[in-house]
Amino acid sequence: MKIRSYELFQVPPRWLFLKIETDDGIVGWGEPVIEGRASTVKACVEELMEYLIGKDPLRIEDHWSMLYRSGFYRGGPILMSAISGIDQALWDIKGKYFNAPVYQLLGGACRDSIRVYSWIGGDRPSEVGQAAKKVVDAGFTAVKMNGTEELQYVDSYEKIDQVLERIAAVRESVGPYIGIGIDFHGRVHKPMAKILAKELEQFRPMFIEEPVLSENNEALKEIAQHTSIPIATGERMFSRWDFKTILADGHVDIIQPDLSHAGGITECKKISSMAEAYDVALAPHCPLGPIALSACLQVDATAHNAFIQEQSLGIHYNQGNDLLDYIKDKSVFEYKDGYVSIPQGPGLGIEIDEDFVRKQAVVGHNWRNPVWRHKDGSIAEW
């Protein structure tokens with residue numbers, strides 16, 4: 001069996017799908033994308049696929065190593081996202097070849113389902129109490145929200161109070177035991193992150209996410225000294241080498257590699273095992289489409305330290321199309337009592353509606369994240 005061809009589909013709301021086909025007619029799907037840079041990742045996939053045409057798709061470890069190590073310059077969001085989508089598609093092919101879900105090829109499952117959370121609030125969170133109550137009434141046991149709008153390096157306590165009011169509204173709405181993930185989104189710098197981390201303790205959050213940008217991870221040591229809230233980070237880290245230092249430093253409690261950014265199934269399985277050795281939990285980042293989510297669930301099934309999974313159903317980014325629109329059997333992602341079952345079908349466990357993909361690829365997208373500025377005109381972190 002050899003890789004015969006591939007196609008790329010830039011589909012709304014902001015996703016990029018990859019289809020790889022073999023000369024045996026087996027097809028694998030991947031989701032290589034950086035949100036806001038889909039066209040750039042698409043070009044990178046096209047470059048990398050030149051190496052794989054005519055090759056055996058089952059040699060995934062070798063292909064991963066070749067795509068990563070044969071380049072003199074390596075790592076980073078674009079290259080690793082391209083490798084991620086290719087890797088997902090190759091695992092999808094391999095599972096279909098052996099007529100087994102990917103998790104069986106990774107050693108088998110250690111769980112039957114995993115807890116999921118729902119996003120609320122949007123980029124500039126408002127009416128979060130009502131939104132949280134709505135998703136909890138729908139059966140979710142955990143929510144995640146952006147905690148802040150833009151913040152200067154040192155900002156006012158008025159903005160701190162606004163964050164606290166929002167979180168208080170959510171906690172009051174959902175009661176004492178629903179999980180609340182609070183995403184700082186890298187919008188907060190160390191001086192204000194220390195204050196927020198301490199002040200938020202009263203609401204007993206499930207975690208605070210990316211309290212500082214990943215390039216400032218050394219600040220996690222000081223932030224951790226100001227709070228007992230679990231600290232999560234990792235969505236902007238792209239390989240096991242990026243995670244090595246924060247795991248060894250011991251100041252992170254939850255890692256959040258993205259299976260469409262951090263090397264796909266092959267790499268994220270290794271990252272999760274590294275984290276387990278440091279007693280660190282796994283909660284893969286996934287505000288993306290159905291292929292990325294199904295890849296996450298295959299790794300979650302085999303990772304003892306996986307405890308919750310992000311998913312994008314109803315997220316504020318999904319304008320026009322949503323998570324379930326591109327798959328034929330929508331019940332595969334049926335959420336029940338706050339959990340989703342691990343897909344049992346061969347490969348990634350989903351069947352892509354290719355006709356709909358092709359139709360929406362004609363529509364396409366040119367999604368960009370907003371550009372924010374502070375009152376003084378300087379660029380703010382989004």
# chains A, B, ... in the order shown; residues from 1 in each chain; ligands from 1

$ select_by_dssp --residues "region 37-258 of chain A" --states "helix (DSSP H, G or I)" --output "PyMOL selection string"
chain A and resi 38-49+60-69+77-97+102-105+128-137+157-174+190-203+214-224+240-249

$ select_by_dssp --residues "region 148-362 of chain A" --states "strand (DSSP E or B)" --output "PyMOL selection string"
chain A and resi 179-183+207-209+231-233+254-255+258+281-282+285+306+309-310+327+335-336+339-341+347+352

$ residues_around --residues "Ala281 (chain A)" --least-positions-apart "4" --cutoff "8 Å" --atoms "only C-alpha atoms" --output "VMD selection string"
chain A and resid 253 to 255 275 to 276 305 to 307

$ closest_residue --among "A:Ile53, A:Val11, A:Ile231, A:Leu213" --to "Gly364 (chain A)" --atoms "only C-alpha atoms"
A:Val11

$ residues_around --residues "region 223-227 of chain A" --least-positions-apart "3" --cutoff "9 Å" --atoms "only C-alpha atoms" --output "PyMOL selection string"
chain A and resi 190+193-195+197-201+211+219-220+230-231+251-252

$ write_last_selection --atoms "C-alpha atoms" --output "mmCIF file, in the first residue's frame"
data_model
loop_
_atom_site.group_PDB
_atom_site.id
_atom_site.type_symbol
_atom_site.label_atom_id
_atom_site.label_comp_id
_atom_site.auth_asym_id
_atom_site.auth_seq_id
_atom_site.Cartn_x
_atom_site.Cartn_y
_atom_site.Cartn_z
ATOM 1 C CA LYS A 190 2.877 38.572 35.458
ATOM 2 C CA ALA A 193 -1.658 37.427 36.942
ATOM 3 C CA LYS A 194 -0.367 37.160 40.515
ATOM 4 C CA ILE A 195 -3.224 39.323 41.785
ATOM 5 C CA ALA A 197 -4.641 34.030 40.767
ATOM 6 C CA LYS A 198 -4.879 34.934 44.428
ATOM 7 C CA GLU A 199 -8.258 36.698 44.212
ATOM 8 C CA LEU A 200 -9.915 33.890 42.215
ATOM 9 C CA GLU A 201 -9.256 31.234 44.854
ATOM 10 C CA PRO A 211 -1.923 32.781 33.149
ATOM 11 C CA ALA A 219 6.800 33.342 35.620
ATOM 12 C CA LEU A 220 4.689 30.307 36.524
ATOM 13 C CA PRO A 230 -4.292 24.241 39.468
ATOM 14 C CA ILE A 231 -2.352 25.944 36.661
ATOM 15 C CA HIS A 251 5.028 24.615 38.410
ATOM 16 C CA VAL A 252 2.285 23.397 36.069
#

$ closest_residue --among "A:Asp92, A:Asp23, A:Asp325, A:Asp123" --to "Glu354 (chain A)" --atoms "only C-alpha atoms"
A:Asp325

$ closest_residue --among "A:Ile34, A:Lys96, A:Ala262, A:Arg14" --to "Tyr317 (chain A)" --atoms "only C-alpha atoms"
A:Arg14

$ decode --residues "region 129-169 of chain A" --atoms "C-alpha atoms" --output "compact mmCIF listing (two decimals), in the first residue's frame"
# COMPACT_ATOMS: atom_id res chain seq x y z
CA GLY A 129 -24.04 33.41 34.51
CA GLN A 130 -26.94 32.75 32.17
CA ALA A 131 -24.72 31.00 29.64
CA ALA A 132 -23.23 28.72 32.30
CA LYS A 133 -26.67 27.77 33.62
CA LYS A 134 -27.79 26.91 30.08
CA VAL A 135 -24.93 24.49 29.36
CA VAL A 136 -25.16 22.90 32.81
CA ASP A 137 -28.87 22.36 32.23
CA ALA A 138 -27.87 20.68 28.95
CA GLY A 139 -25.83 18.14 30.93
CA PHE A 140 -22.31 19.54 31.08
CA THR A 141 -20.52 19.37 34.43
CA ALA A 142 -17.80 21.86 33.55
CA VAL A 143 -17.48 25.15 31.67
CA LYS A 144 -14.59 27.29 30.48
CA MET A 145 -14.54 31.00 29.80
CA ASN A 146 -12.18 33.84 29.07
CA GLY A 147 -11.68 35.61 32.37
CA THR A 148 -10.51 39.01 31.19
CA GLU A 149 -10.55 41.46 28.37
CA GLU A 150 -7.25 43.16 27.55
CA LEU A 151 -4.98 44.07 30.46
CA GLN A 152 -1.90 46.25 30.59
CA TYR A 153 1.27 44.99 32.31
CA VAL A 154 0.03 46.86 35.38
CA ASP A 155 -3.64 47.71 35.24
CA SER A 156 -6.44 48.90 37.49
CA TYR A 157 -8.15 47.02 40.27
CA GLU A 158 -11.40 47.98 38.56
CA LYS A 159 -10.62 45.41 35.87
CA ILE A 160 -9.75 42.85 38.53
CA ASP A 161 -13.12 43.48 40.16
CA GLN A 162 -14.87 43.02 36.81
CA VAL A 163 -13.27 39.59 36.43
CA LEU A 164 -14.31 38.63 39.94
CA GLU A 165 -17.89 39.76 39.27
CA ARG A 166 -18.06 37.56 36.17
CA ILE A 167 -16.72 34.48 37.93
CA ALA A 168 -19.00 35.12 40.91
CA ALA A 169 -21.99 35.21 38.54
